Amino acid sequence: MEIFMSSSFLHEITTKHFSALASAREPAIFASRIAAPLSLGIMAGFFFAFSNPVMMAFQQLDADVFIPAFNGINISVRNGLFFIAFFLPLAMLSSAALVDRSNRLLWVVALIIYTVVVIQTRMVNVPIN
């Protein structure tokens, strides 16, 4: 005899017997739909601001000015606020993927892409600097 449990069956059990979970899920979904894209947007803005105007300005500098200036940026960017901003999207996207069932694929894809960005930054860009 085969027993089949669909996700709708489990959803009915969860919402019927654990109504607090269902009512707590909606604010969590709302918060994740705001926090995850916002944290990604902050980092996208940082990457754009660094790669576009900052690096274009550095191209105009002589090496004796460029190297100390670039080293100064590398030193100043290593702080707690940047650490939080850099890794926060990983946490926000993970929580969004767990909570927001209707958009889970979108959150997982975004999480994979940002994970690749973090790995590439850590393994390639940081050693170059």
# chains A, B, ... in the order shown; residues from 1 in each chain; ligands from 1
$ residues_around --residues "region 34-37 of chain A" --least-positions-apart "4" --cutoff "7 Å" --atoms "only C-alpha atoms" --output "PDB file with N, CA, C and O atoms, in the first residue's frame"
ATOM      1  N   PHE A  30       6.964  39.082   3.798  1.00  0.00           N
ATOM      2  CA  PHE A  30       7.020  40.513   3.470  1.00  0.00           C
ATOM      3  C   PHE A  30       8.401  41.083   3.774  1.00  0.00           C
ATOM      4  O   PHE A  30       8.994  41.787   2.951  1.00  0.00           O
ATOM      5  N   GLY A  41      20.894  45.283  -3.497  1.00  0.00           N
ATOM      6  CA  GLY A  41      21.019  46.607  -4.112  1.00  0.00           C
ATOM      7  C   GLY A  41      22.143  47.427  -3.507  1.00  0.00           C
ATOM      8  O   GLY A  41      22.854  48.150  -4.218  1.00  0.00           O
ATOM      9  N   PRO A  89      23.541  39.805   2.135  1.00  0.00           N
ATOM     10  CA  PRO A  89      22.692  39.215   1.096  1.00  0.00           C
ATOM     11  C   PRO A  89      22.639  37.694   1.124  1.00  0.00           C
ATOM     12  O   PRO A  89      21.604  37.105   0.804  1.00  0.00           O
ATOM     13  N   MET A  92      20.096  36.971   3.841  1.00  0.00           N
ATOM     14  CA  MET A  92      18.756  37.417   3.455  1.00  0.00           C
ATOM     15  C   MET A  92      18.174  36.551   2.335  1.00  0.00           C
ATOM     16  O   MET A  92      17.000  36.203   2.359  1.00  0.00           O
ATOM     17  N   LEU A  93      18.999  36.192   1.361  1.00  0.00           N
ATOM     18  CA  LEU A  93      18.516  35.341   0.272  1.00  0.00           C
ATOM     19  C   LEU A  93      18.213  33.936   0.762  1.00  0.00           C
ATOM     20  O   LEU A  93      17.243  33.315   0.322  1.00  0.00           O
ATOM     21  N   ALA A  96      14.951  34.183   2.637  1.00  0.00           N
ATOM     22  CA  ALA A  96      13.858  34.380   1.682  1.00  0.00           C
ATOM     23  C   ALA A  96      13.513  33.077   0.972  1.00  0.00           C
ATOM     24  O   ALA A  96      12.338  32.774   0.754  1.00  0.00           O
TER      25      ALA A  96
END
$ residues_around --residues "Ile29 (chain A)" --least-positions-apart "5" --cutoff "10 Å" --atoms "only C-alpha atoms" --output "JSON, numbers by chain"
{"A": [24, 34, 35, 95, 96, 97, 98, 99, 100, 101, 102, 103]}
$ write_last_selection --atoms "C-alpha atoms" --output "short mmCIF file (atom, residue, chain, number, x, y, z; two decimals), in the first residue's frame"
data_model
loop_
_atom_site.label_atom_id
_atom_site.label_comp_id
_atom_site.auth_asym_id
_atom_site.auth_seq_id
_atom_site.Cartn_x
_atom_site.Cartn_y
_atom_site.Cartn_z
CA ALA A 24 3.96 34.37 11.34
CA ILE A 34 12.09 43.83 1.17
CA ALA A 35 15.38 42.92 2.90
CA SER A 95 15.98 33.17 4.60
CA ALA A 96 13.86 34.38 1.68
CA ALA A 97 14.29 31.02 -0.05
CA LEU A 98 13.18 29.22 3.10
CA VAL A 99 10.17 31.41 3.88
CA ASP A 100 8.79 32.53 0.50
CA ARG A 101 7.59 29.31 -1.13
CA SER A 102 5.95 30.96 -4.11
CA ASN A 103 9.21 32.60 -5.24
#
$ atom_distance --atom1 "CA of Met123 (chain A)" --atom2 "CA of Arg78 (chain A)"
15.9 Å
$ residues_around --residues "Leu111 (chain A)" --least-positions-apart "2" --cutoff "7 Å" --atoms "only C-alpha atoms" --output "JSON, numbers by chain"
{"A": [90, 93, 94, 107, 108, 109, 113, 114, 115]}
$ atom_distance --atom1 "CA of Phe87 (chain A)" --atom2 "CA of Ala69 (chain A)"
25.2 Å
$ closest_residue --among "A:Leu61, A:Phe47, A:Ile67, A:Asn79" --to "Thr121 (chain A)" --atoms "only C-alpha atoms"
A:Phe47
$ residues_around --residues "region 50-60 of chain A" --least-positions-apart "6" --cutoff "12 Å" --atoms "only C-alpha atoms" --output "ChimeraX atom specification"
/A:43-44,66-71,73-74,77,125
